[in-house]
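Enquirer: Structure file my_file_19.txt, compact mmCIF, C-alpha atoms, is pasted below:
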# COMPACT_ATOMS: atom_id res chain seq x y z
CA MET D 28 87.58 99.19 71.66
CA GLN D 29 87.41 101.53 68.67
CA CYS D 30 89.90 101.74 65.78
CA ASP D 31 91.52 104.88 67.26
CA ASP D 32 92.12 103.08 70.57
CA ALA D 33 93.43 99.97 68.84
CA ARG D 34 95.86 101.92 66.69
CA ASP D 35 98.51 102.14 69.41
CA ARG D 36 97.87 98.64 70.73
CA LEU D 37 98.18 96.51 67.62
CA LEU D 38 101.10 94.50 69.04
CA ASP D 39 99.31 93.88 72.34
CA PRO D 40 97.03 90.91 73.02
CA ASP D 41 94.37 93.19 74.48
CA ALA D 42 93.62 94.44 70.96
CA ASP D 43 92.75 90.93 69.70
CA ALA D 44 89.01 91.25 70.38
CA HIS D 45 88.84 94.39 68.23
CA LEU D 46 91.01 92.83 65.52
CA ALA D 47 88.65 89.89 65.24
CA SER D 48 85.86 92.23 64.18
CA CYS D 49 87.80 94.86 62.17
CA PRO D 50 89.46 93.67 58.92
CA ALA D 51 91.32 96.99 58.37
CA CYS D 52 92.96 97.00 61.79
CA ARG D 53 93.61 93.25 61.50
CA ALA D 54 95.54 93.74 58.23
CA ASP D 55 97.46 96.58 59.84
CA ALA D 56 98.28 94.46 62.90
CA GLU D 57 99.35 91.46 60.84
CA ARG D 58 101.86 93.55 58.90
CA LEU D 59 103.19 95.17 62.06
CA ARG D 60 103.46 91.83 63.89
CA ARG D 61 105.25 90.29 60.89
CA THR D 62 107.83 93.06 60.99
CA TRP D 63 108.11 92.68 64.79
CA SER D 64 108.73 88.93 64.37
CA MET D 65 111.22 89.47 61.59
CA LEU D 66 113.27 91.78 63.79
CA ALA D 67 114.01 88.77 65.98
CA THR D 68 115.70 86.96 63.08
CA LEU D 69 118.40 89.62 62.66
CA ALA D 70 121.38 88.07 64.43
CA PRO D 71 123.63 90.35 66.45
CA GLU D 72 127.22 90.99 65.41
CA GLU D 73 129.58 88.80 67.44
CA ALA D 74 131.51 90.73 70.05
CA ASP D 75 135.30 90.47 69.99
CA SER D 76 135.39 89.52 73.65
CA ASP D 77 139.15 88.94 73.80
CA ALA D 78 139.99 92.43 72.55
CA MET D 79 137.44 94.06 74.84
CA ARG D 80 138.58 91.97 77.81
CA ARG D 81 142.21 93.06 77.22
CA ARG D 82 141.21 96.71 77.22
CA PHE D 83 139.00 96.25 80.25
CA THR D 84 141.73 94.45 82.21
CA ALA D 85 144.28 97.15 81.34
CA SER D 86 141.81 99.78 82.44
CA LEU D 87 141.05 97.98 85.70
CA ASP D 88 144.76 97.51 86.46
CA ALA D 89 145.33 101.20 85.81
CA GLN D 90 142.46 102.07 88.13
CA ARG D 91 143.91 99.91 90.90
CA GLN D 92 147.29 101.59 90.64
CA ALA D 93 146.34 105.09 89.60
CA PRO D 94 146.52 107.92 92.05
CA THR D 95 143.53 110.19 92.18
CA ARG D 96 143.06 112.92 89.66
CA ARG D 97 143.47 115.44 92.47
CA TRP D 98 146.94 114.02 93.09
CA LEU D 99 147.77 114.48 89.42
CA LEU D 100 146.61 118.07 89.51
CA ARG D 101 148.75 118.67 92.61
CA ALA D 102 151.77 117.18 90.85
CA ALA D 103 151.12 119.34 87.79
CA ALA D 104 150.76 122.44 89.99
CA LEU D 105 154.00 121.54 91.76
CA LEU D 106 155.72 121.18 88.43
CA VAL D 107 154.53 124.62 87.34
CA ALA D 108 155.62 126.10 90.68
CA PHE D 109 159.05 124.51 90.42
CA SER D 110 159.44 125.66 86.82
CA GLY D 111 158.58 129.20 87.90
CA GLY D 112 161.08 128.93 90.72
CA LEU D 113 163.75 127.70 88.35
CA ALA D 114 163.18 130.58 85.95
CA ALA D 115 163.24 133.10 88.81
CA GLY D 116 166.33 131.50 90.28
CA ALA D 117 168.15 131.69 86.99
CA ALA D 118 167.35 135.37 86.57
CA TRP D 119 167.64 136.55 90.17
CA PRO D 120 170.82 136.08 92.23
CA VAL D 121 170.09 134.14 95.42
CA PRO D 122 171.46 135.76 98.61
CA ARG D 123 174.32 133.80 100.09
CA GLY D 124 172.40 132.82 103.24
CA ALA D 125 169.35 131.62 101.29
CA GLU D 126 171.30 129.00 99.32
CA ALA D 127 171.67 126.55 102.15
CA PRO D 128 168.12 125.02 102.19
CA PHE D 129 168.32 124.15 98.47
CA ARG D 130 171.76 122.70 98.49
CA GLY D 131 171.07 119.23 99.81
CA GLN D 132 174.36 117.33 99.58
CA GLY D 133 176.41 120.20 98.32
CA GLU D 134 174.40 120.50 95.08
CA PRO D 135 174.11 123.98 93.52
CA PRO D 136 170.57 125.33 94.07
CA ILE D 137 169.61 125.51 90.39
CA ALA D 138 170.80 121.94 89.80
CA ALA D 139 168.84 120.76 92.85
CA LEU D 140 165.72 122.52 91.59
CA ARG D 141 166.19 120.96 88.15
CA ARG D 142 166.50 117.55 89.70
CA GLU D 143 163.31 118.13 91.69
CA ILE D 144 161.47 119.17 88.53
CA GLY D 145 162.73 116.05 86.79
CA ASP D 146 161.43 113.91 89.68
CA VAL D 147 157.99 115.51 89.60
CA ARG D 148 157.79 115.29 85.81
CA ALA D 149 158.76 111.61 85.94
CA LEU D 150 156.08 110.95 88.56
CA LEU D 151 153.51 112.80 86.51
CA THR D 152 154.53 110.81 83.43
CA LEU D 153 154.18 107.49 85.24
CA SER D 154 150.80 108.48 86.62
CA LEU D 155 149.47 109.54 83.23
CA MET D 156 150.66 106.28 81.69
CA GLN D 157 148.45 104.36 84.13
CA GLN D 158 145.24 106.18 83.26
CA ALA D 159 142.23 104.44 81.71
CA ALA D 160 141.85 106.85 78.78
CA ALA D 161 144.18 106.25 75.84
CA THR D 162 144.55 110.02 75.29
CA GLU D 163 145.96 110.47 78.81
CA ARG D 164 148.34 107.51 78.41
CA LEU D 165 149.46 108.98 75.09
CA HIS D 166 150.09 112.29 76.83
CA GLY D 167 152.12 110.42 79.46
CA VAL D 168 154.26 108.67 76.87
CA ARG D 169 154.89 111.94 75.04
CA THR D 170 155.85 113.62 78.31
CA ALA D 171 158.27 110.75 78.92
CA ALA D 172 159.94 111.51 75.59
CA GLN D 173 160.63 115.06 76.82
CA LEU D 174 162.40 114.03 80.03
CA VAL D 175 165.99 115.25 80.11
CA ASP D 176 167.37 112.00 81.50
CA THR D 177 166.18 108.43 80.94
CA ARG D 178 165.09 107.11 84.33
CA PRO D 179 164.88 103.34 84.78
CA GLU D 180 161.31 103.47 86.10
CA VAL D 181 160.16 105.53 83.10
CA VAL D 182 161.99 103.26 80.63
CA SER D 183 160.39 100.28 82.31
CA ALA D 184 156.92 101.89 82.04
CA LEU D 185 157.53 102.66 78.35
CA LEU D 186 158.54 99.05 77.68
CA ASP D 187 155.43 97.92 79.51
CA ALA D 188 153.29 100.24 77.34
CA LEU D 189 154.99 98.85 74.22
CA ARG D 190 154.23 95.30 75.31
CA ARG D 191 150.73 95.67 76.72
CA ASP D 192 148.98 98.89 75.83
CA PRO D 193 145.87 98.10 73.75
CA ASP D 194 146.09 101.40 71.86
CA VAL D 195 148.23 101.47 68.70
CA ASN D 196 149.01 105.19 69.04
CA VAL D 197 150.32 104.71 72.58
CA ARG D 198 152.57 101.86 71.43
CA LEU D 199 153.85 103.95 68.51
CA ALA D 200 154.59 106.87 70.83
CA ALA D 201 156.36 104.49 73.25
CA ILE D 202 158.70 103.37 70.45
CA ARG D 203 159.57 106.99 69.69
CA ALA D 204 160.10 107.76 73.38
CA LEU D 205 162.41 104.75 73.75
CA GLU D 206 164.68 105.87 70.92
CA ARG D 207 166.75 108.00 73.29
CA ALA D 208 167.43 104.95 75.43
CA GLY D 209 168.15 102.77 72.39
CA THR D 210 171.59 101.72 73.65
CA GLU D 211 170.29 100.22 76.92
CA PRO D 212 170.21 96.40 76.93
CA ALA D 213 166.74 96.28 78.54
CA VAL D 214 165.33 98.46 75.77
CA ARG D 215 166.97 96.38 73.06
CA ASP D 216 165.64 93.16 74.60
CA GLY D 217 162.17 94.67 74.99
CA VAL D 218 162.05 95.81 71.38
CA VAL D 219 163.13 92.39 70.09
CA THR D 220 160.47 90.69 72.22
CA ALA D 221 157.87 93.16 70.91
CA LEU D 222 158.82 92.25 67.33
CA ASP D 223 157.56 88.72 67.99
CA LEU D 224 154.41 89.73 69.87
CA GLU D 225 153.20 92.82 68.02
CA GLU D 226 150.01 92.32 65.98
CA SER D 227 149.61 95.76 64.42
CA PRO D 228 151.42 96.11 61.05
CA LEU D 229 152.00 99.82 61.71
CA VAL D 230 153.68 99.23 65.08
CA SER D 231 155.63 96.23 63.71
CA ILE D 232 157.14 98.37 60.96
CA ALA D 233 157.98 101.13 63.47
CA LEU D 234 159.80 98.49 65.57
CA MET D 235 161.79 97.47 62.51
CA ASP D 236 162.77 101.09 61.85
CA PHE D 237 163.90 101.23 65.47
CA VAL D 238 166.18 98.18 65.24
CA VAL D 239 167.70 99.43 61.99
CA THR D 240 168.30 102.95 63.32
CA ALA D 241 169.68 101.61 66.61
CA ARG D 242 171.84 99.14 64.67
CA MET D 243 170.79 95.98 66.44
CA PRO D 244 172.19 92.95 64.54
CA PRO D 245 170.91 90.54 67.25
CA ALA D 246 167.39 91.49 66.10
CA VAL D 247 167.98 89.61 62.82
CA THR D 248 166.81 86.31 64.33
CA ALA D 249 163.51 87.83 65.46
CA LEU D 250 163.13 89.58 62.10
CA ARG D 251 163.62 86.24 60.32
CA ARG D 252 160.82 84.75 62.41
CA VAL D 253 158.56 87.60 61.31
CA ALA D 254 159.61 87.25 57.65
CA ASP D 255 158.91 83.48 57.73
CA ASN D 256 155.57 83.74 59.52
CA GLU D 257 152.81 83.28 56.96
CA ASP D 258 150.22 84.57 59.42
CA ARG D 259 151.80 88.02 59.46
CA ASP D 260 150.78 90.80 57.09
CA GLN D 261 152.69 90.65 53.78
CA ALA D 262 153.84 94.28 54.09
CA VAL D 263 155.26 93.44 57.54
CA ARG D 264 157.07 90.39 56.18
CA ASP D 265 158.53 92.46 53.31
CA ALA D 266 159.65 95.14 55.76
CA ALA D 267 161.31 92.45 57.90
CA VAL D 268 163.29 91.21 54.89
CA ALA D 269 164.36 94.77 54.07
CA ALA D 270 165.41 95.36 57.70
CA ILE D 271 167.43 92.12 57.75
CA ASN D 272 169.25 93.12 54.55
CA GLN D 273 169.99 96.55 55.91
CA LEU D 274 171.35 95.23 59.22
CA ILE D 275 173.52 92.65 57.42
CA GLU D 276 174.76 95.31 54.99
CA GLU D 277 175.69 97.66 57.82
CA GLY D 278 177.39 94.83 59.72
CA ARG D 279 179.86 94.23 56.91
CA MET O 13 125.28 91.55 94.83
CA LEU O 14 128.29 92.13 92.65
CA MET O 15 127.62 95.81 92.17
CA GLN O 16 127.47 96.35 95.92
CA GLU O 17 130.88 94.69 96.16
CA VAL O 18 132.24 97.01 93.45
CA ARG O 19 130.74 99.98 95.30
CA ASP O 20 132.48 98.80 98.46
CA GLY O 21 135.85 98.82 96.71
CA ARG O 22 136.18 95.18 95.65
CA LEU O 23 137.14 95.88 92.05
CA ASP O 24 137.58 92.20 91.15
CA SER O 25 133.80 91.91 91.10
CA LEU O 26 133.75 94.36 88.23
CA ALA O 27 135.52 91.73 86.12
CA THR O 28 132.60 89.36 86.75
CA LEU O 29 130.14 92.09 85.79
CA PHE O 30 132.16 92.66 82.62
CA GLU O 31 131.98 88.96 81.71
CA ARG O 32 128.23 88.92 82.27
CA HIS O 33 127.27 92.09 80.48
CA HIS O 34 129.82 93.15 77.85
CA ARG O 35 128.20 91.14 75.05
CA THR O 36 124.77 92.58 75.78
CA LEU O 37 126.17 96.09 75.81
CA PHE O 38 128.11 95.51 72.61
CA ALA O 39 124.97 94.18 70.91
CA PHE O 40 123.03 97.28 72.02
CA PHE O 41 125.69 99.71 70.81
CA TYR O 42 126.29 97.85 67.58
CA ARG O 43 122.59 97.76 66.73
CA MET O 44 122.41 101.47 67.48
CA THR O 45 125.49 102.53 65.48
CA GLY O 46 126.48 99.70 63.13
CA ASP O 47 130.09 100.58 64.00
CA ARG O 48 132.26 97.94 65.66
CA PRO O 49 135.19 100.08 66.96
CA ALA O 50 132.76 102.71 68.25
CA SER O 51 130.69 100.02 69.97
CA GLU O 52 133.79 98.54 71.63
CA ASP O 53 134.82 102.02 72.80
CA MET O 54 131.39 102.60 74.29
CA VAL O 55 131.45 99.25 76.14
CA GLN O 56 134.78 100.30 77.63
CA ASP O 57 133.34 103.67 78.51
CA VAL O 58 130.40 102.06 80.34
CA PHE O 59 132.71 100.12 82.65
CA VAL O 60 134.87 103.18 83.28
CA ARG O 61 131.67 105.05 84.20
CA ILE O 62 130.55 102.21 86.49
CA LEU O 63 133.80 102.63 88.38
CA ARG O 64 133.47 106.38 88.44
CA TYR O 65 129.84 106.39 89.59
CA ARG O 66 129.89 103.25 91.74
CA LEU O 67 129.29 105.18 94.93
CA GLY O 68 126.01 106.47 93.48
CA TYR O 69 124.62 102.96 92.95
CA ARG O 70 121.54 102.18 95.07
CA GLU O 71 120.35 98.66 95.71
CA GLN O 72 116.62 99.30 95.39
CA GLY O 73 116.66 99.78 91.60
CA SER O 74 117.37 97.02 89.10
CA PHE O 75 121.03 96.68 88.13
CA ARG O 76 120.09 96.18 84.49
CA GLY O 77 118.15 99.44 84.50
CA TRP O 78 121.12 101.26 86.03
CA LEU O 79 123.50 99.66 83.53
CA PHE O 80 121.39 100.69 80.55
CA ARG O 81 121.01 104.19 81.94
CA ILE O 82 124.80 104.46 81.90
CA ALA O 83 124.92 102.85 78.44
CA ARG O 84 122.39 105.35 77.05
CA ASN O 85 124.40 108.25 78.47
CA ALA O 86 127.61 106.81 77.03
CA ARG O 87 125.98 106.49 73.61
CA HIS O 88 124.49 109.96 73.80
CA ASP O 89 127.88 111.48 74.65
CA PHE O 90 129.58 109.46 71.94
CA ALA O 91 127.01 110.57 69.35
CA ALA O 92 127.49 114.20 70.41
CA ALA O 93 131.27 113.88 70.06
CA HIS O 94 131.05 112.02 66.73
CA PRO O 95 128.17 113.60 64.81
CA LEU O 96 129.37 112.18 61.50
CA LEU O 97 129.23 108.59 62.66
CA GLU O 98 126.76 106.96 60.31
CA PRO O 99 125.17 103.56 60.83
CA MET O 100 126.40 100.99 58.32
CA ALA O 101 123.42 98.70 57.96
CA ASP O 102 124.68 97.10 54.78
CA GLU O 103 127.81 95.75 56.44
CA MET O 104 125.97 93.87 59.13
CA ASP O 105 125.76 90.12 58.97
CA VAL O 106 122.43 88.72 57.93
CA PRO O 107 121.60 85.20 59.10
CA VAL O 108 120.03 82.73 56.73
CA THR O 109 117.33 80.55 58.16
CA ALA O 110 115.18 79.78 55.11
CA PRO O 111 115.51 76.35 53.53
CA GLY O 112 116.07 76.65 49.73
CA PRO O 113 118.60 78.91 47.88
CA ALA O 114 115.88 81.16 46.40
CA ALA O 115 114.13 81.49 49.74
CA GLN O 116 117.49 82.10 51.41
CA LEU O 117 118.27 84.91 49.01
CA GLU O 118 114.83 86.42 49.47
CA HIS O 119 115.09 86.24 53.23
CA ARG O 120 118.60 87.67 53.17
CA GLU O 121 117.52 90.62 51.06
CA ALA O 122 114.47 91.30 53.20
CA ALA O 123 116.53 91.08 56.38
CA GLY O 124 119.09 93.49 54.89
CA ARG O 125 116.31 95.97 54.11
CA LEU O 126 114.88 95.64 57.60
CA ARG O 127 118.29 96.40 59.10
CA GLN O 128 118.56 99.37 56.77
CA ALA O 129 115.08 100.54 57.79
CA LEU O 130 116.04 100.26 61.45
CA GLN O 131 119.12 102.39 60.88
CA LEU O 132 117.05 104.99 59.03
CA LEU O 133 114.78 105.51 62.03
CA PRO O 134 115.47 108.47 64.32
CA ALA O 135 117.83 107.36 67.11
CA ASP O 136 115.23 107.63 69.91
CA LYS O 137 112.79 105.39 68.06
CA ARG O 138 115.50 102.94 67.05
CA GLU O 139 116.62 102.76 70.67
CA LEU O 140 113.11 102.05 71.90
CA ILE O 141 112.63 99.18 69.45
CA ILE O 142 116.08 97.72 70.18
CA LEU O 143 115.57 97.78 73.94
CA ALA O 144 112.09 96.28 73.71
CA ARG O 145 112.77 93.71 71.00
CA TYR O 146 116.33 92.60 71.63
CA HIS O 147 116.74 93.24 75.33
CA GLY O 148 113.25 92.19 76.32
CA MET O 149 112.49 95.35 78.26
CA SER O 150 108.90 95.71 79.38
CA HIS O 151 106.94 98.95 79.13
CA ASP O 152 107.44 99.38 82.88
CA GLU O 153 111.23 98.95 82.66
CA LEU O 154 111.46 101.30 79.70
CA ALA O 155 109.36 103.85 81.55
CA VAL O 156 111.78 103.82 84.49
CA LEU O 157 114.78 103.97 82.17
CA MET O 158 113.40 106.88 80.16
CA ASP O 159 111.70 108.74 83.02
CA SER O 160 108.33 108.26 81.40
CA GLU O 161 105.02 106.41 81.93
CA PRO O 162 104.33 102.85 80.76
CA GLY O 163 101.32 104.04 78.73
CA THR O 164 103.43 106.68 76.99
CA ILE O 165 106.12 104.10 76.23
CA ARG O 166 103.52 101.76 74.71
CA VAL O 167 102.27 104.50 72.38
CA ARG O 168 105.81 105.60 71.46
CA LEU O 169 106.86 102.01 70.75
CA HIS O 170 103.86 101.42 68.49
CA ARG O 171 104.53 104.65 66.62
CA ALA O 172 108.20 103.71 66.24
CA MET O 173 107.14 100.31 64.88
CA ARG O 174 104.71 101.93 62.46
CA GLN O 175 107.43 104.24 61.17
CA LEU O 176 109.82 101.29 60.84
CA ASP O 177 107.19 99.39 58.91
CA VAL O 178 106.60 102.33 56.55
CA ILE O 179 110.33 102.67 55.82
CA PHE O 180 110.70 98.89 55.42
CA THR O 181 107.77 98.76 52.99
CA ARG O 182 109.19 101.64 50.95
CA LEU O 183 112.58 99.96 50.78
CA GLN O 184 110.90 96.90 49.31
CA GLU O 185 109.51 98.87 46.37
CA PRO O 186 111.40 98.12 43.10
CA ARG O 187 113.37 101.37 42.87
CA HIS O 188 114.81 100.69 46.34
CA ALA O 189 115.72 97.06 45.64
CA VAL O 190 119.22 96.18 46.90
Now that the file is in, can you turn its structure into structure tokens?
Expert:
Amino acid sequence: MQCDDARDRLLDPDADAHLASCPACRADAERLRRTWSMLATLAPEEADSDAMRRRFTASLDAQRQAPTRRWLLRAAALLVAFSGGLAAGAAWPVPRGAEAPFRGQGEPPIAALRREIGDVRALLTLSLMQQAAATERLHGVRTAAQLVDTRPEVVSALLDALRRDPDVNVRLAAIRALERAGTEPAVRDGVVTALDLEESPLVSIALMDFVVTARMPPAVTALRRVADNEDRDQAVRDAAVAAINQLIEEGR
Amino acid sequence: MLMQEVRDGRLDSLATLFERHHRTLFAFFYRMTGDRPASEDMVQDVFVRILRYRLGYREQGSFRGWLFRIARNARHDFAAAHPLLEPMADEMDVPVTAPGPAAQLEHREAAGRLRQALQLLPADKRELIILARYHGMSHDELAVLMDSEPGTIRVRLHRAMRQLDVIFTRLQEPRHAV
């Protein structure tokens, strides 16, 4: 073997015979092999398995429950079609005989169409909230906030997102979407539970804003637990104290 | 085979695959990018892609090869979507294995420079070294993974190592001292 041949084989044992007789290549190989050996001493960064497992499990659950993307597109198309129909119906008087199929149980046609749109939008919202990608879930939560009425299944999905979604932005959006249903006992209970479980300082403080705005004195006990918990972020503990004071002040 | 079960619709088997491989994937992505959140996102992306492409899995190839093919694509797409993502070699943990304090410091500094040198390599060369050195891939496996020939891989790996060594040596010169 010549030096040129050995040049691209210095790490391989088949170059050893040449290295034994060529001091220049041997010095080259020793340096390269030292670097190769040293690479092995660089320890890998430890993976945060718990966090990744949580995201993976949420994604797998969503996959199990999620309808196909084609279904979503169909629902979206239906929504657009219904919206178009609603706009046309509002602008164009429906002949007397044509009203009957839309009426259902004596409902005016426009109201029936609106209800149908609400149903489709709610279904679309629920489907989006079960997607693997955080951006799609975020879109779902934001769509939920635009629903005219607060449906129990949507409220329940929003509370579930608040409790379990691994993405901070989705949880923040869920809090905003739940504001309209802030008087419902299930929402109030869910928010108080989230105060205890939430790990993100940003989301914790948003929850505290929620309980103050929704005037929820029963949340004071949970807020005290947060304020007394030395493991929580100091800014979160300070915000909990401020929220307690505000709720007590308003209760007087 | 777990992957065959996933392909046949038994999604619970994917959880077992996750347990077996997520650390390896994280280590690969982290060594490539030096960015923890990005690496966790890419691990997640790999398993989403496994689900999406499960019907395309064929038993005759090695599962590890298929997994790393997906991982390379995920990293490539991530890099294209986040061109400003810079490796952060200095933030990585450096183990200390030398005995005395002076030797420990020396080893720590040298290891830090080697990490830095690795991050300064072009991504394709860094990837080749990482897969060969840390994931024990043979020239044959790398050739299949990269649609190349084992002889070509051997030459490319040696050239990548040479370039790494040049950068590492330059970083050890006084003006580059950490």
Enquirer: Per residue of chain O within 9 Å of chain D, which atom pair is closest and at what distance in Å (one decimal), using all atoms listed in the file, listed by chain and increasing number, as CSV?
Expert:
residue,atom,partner,partner_atom,distance
O:Leu23,CA,D:Leu87,CA,7.7
O:Asp24,CA,D:Leu87,CA,8.7
O:Leu26,CA,D:Leu87,CA,8.5
O:Ala27,CA,D:Thr84,CA,7.8
O:Phe30,CA,D:Arg80,CA,8.1
O:Glu31,CA,D:Arg80,CA,8.2
O:His34,CA,D:Ser76,CA,7.9
O:Arg35,CA,D:Ala74,CA,6.0
O:Phe38,CA,D:Ala74,CA,6.4
O:Ala39,CA,D:Pro71,CA,6.0
O:Phe40,CA,D:Pro71,CA,8.9
O:Tyr42,CA,D:Glu72,CA,7.3
O:Arg43,CA,D:Pro71,CA,7.5
O:Arg48,CA,D:Ala74,CA,8.5
O:Glu52,CA,D:Met79,CA,6.6
O:Asp53,CA,D:Met79,CA,8.6
O:Val55,CA,D:Met79,CA,8.0
O:Gln56,CA,D:Phe83,CA,6.4
O:Phe59,CA,D:Phe83,CA,7.8
O:Val60,CA,D:Ala159,CA,7.6
O:Leu63,CA,D:Gln90,CA,8.7
O:Met104,CA,D:Glu72,CA,7.0
O:Asp105,CA,D:Glu72,CA,6.7
O:Val106,CA,D:Leu69,CA,6.3
O:Pro107,CA,D:Ala70,CA,6.1
O:Val108,CA,D:Thr68,CA,8.8
O:Thr109,CA,D:Thr68,CA,8.2
O:Ala123,CA,D:Leu69,CA,6.7
O:Gly124,CA,D:Leu69,CA,8.7
O:Leu126,CA,D:Leu66,CA,7.5
O:Arg127,CA,D:Leu69,CA,7.7
O:Arg145,CA,D:Ala67,CA,7.2
O:Tyr146,CA,D:Ala67,CA,7.2
O:Arg166,CA,D:Asp35,CA,7.3
O:Val167,CA,D:Asp35,CA,5.3
O:Arg168,CA,D:Asp35,CA,8.3
O:Leu169,CA,D:Asp35,CA,8.5
O:His170,CA,D:Asp35,CA,5.5
O:Arg171,CA,D:Asp35,CA,7.1
O:Met173,CA,D:Leu59,CA,7.1
O:Arg174,CA,D:Leu59,CA,6.9
O:Leu176,CA,D:Thr62,CA,8.5
O:Asp177,CA,D:Leu59,CA,6.6
O:Phe180,CA,D:Thr62,CA,8.6
Enquirer: List every protein, DNA or RNA residue that has at least one atom no more than 12 Å from (120.3, 104.0, 87.2) in the file's coordinates, counting all atoms listed in the file, and write the result as a list in words.
Expert: Arg61, Ile62, Tyr65, Arg66, Leu67, Gly68, Tyr69, Arg70, Glu71, Gln72, Gly73, Ser74, Phe75, Arg76, Gly77, Trp78, Leu79, Phe80, Arg81, Ile82, Ala83, Arg84, Asn85, Glu153, Leu154, Val156, Leu157, Met158 and Asp159 of chain O
Enquirer: Between O:Ala129, O:Ile165, O:Leu140, O:Ser150, which residue has the minimum interatomic distance to Arg182 of chain O, considering all atoms listed in the file?
Expert: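 Ranking O:Ala129, O:Ile165, O:Leu140, O:Ser150 by distance to Arg182 of chain O, first place goes to O:Ala129.
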Enquirer: If you count all atoms listed in the file, which residues fall within 6 Å of segment 240-253 of chain D, apart from same-chain ones fewer than 6 positions away, as a list in words?
Expert: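 Here the qualifying residues turn out to be Val219, Ala267, Ile271 and Leu274 of chain D.
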Enquirer: Have a look at O:Ser51, O:Thr45, O:Gln128, O:Ser25 and name the one nearest to Ile179 of chain O; count only C-alpha atoms.
Expert: O:Gln128
Enquirer: Let me have the centre and edge lengths of the axis-aligned box enclosing all listed atoms of segment 21-38 of chain O with 8 Å padding on every side, in Å to one decimal, as lines of an AutoDock Vina configuration file.
Expert:
center_x = 131.2
center_y = 93.9
center_z = 84.7
size_x = 28.8
size_y = 25.9
size_z = 40.1
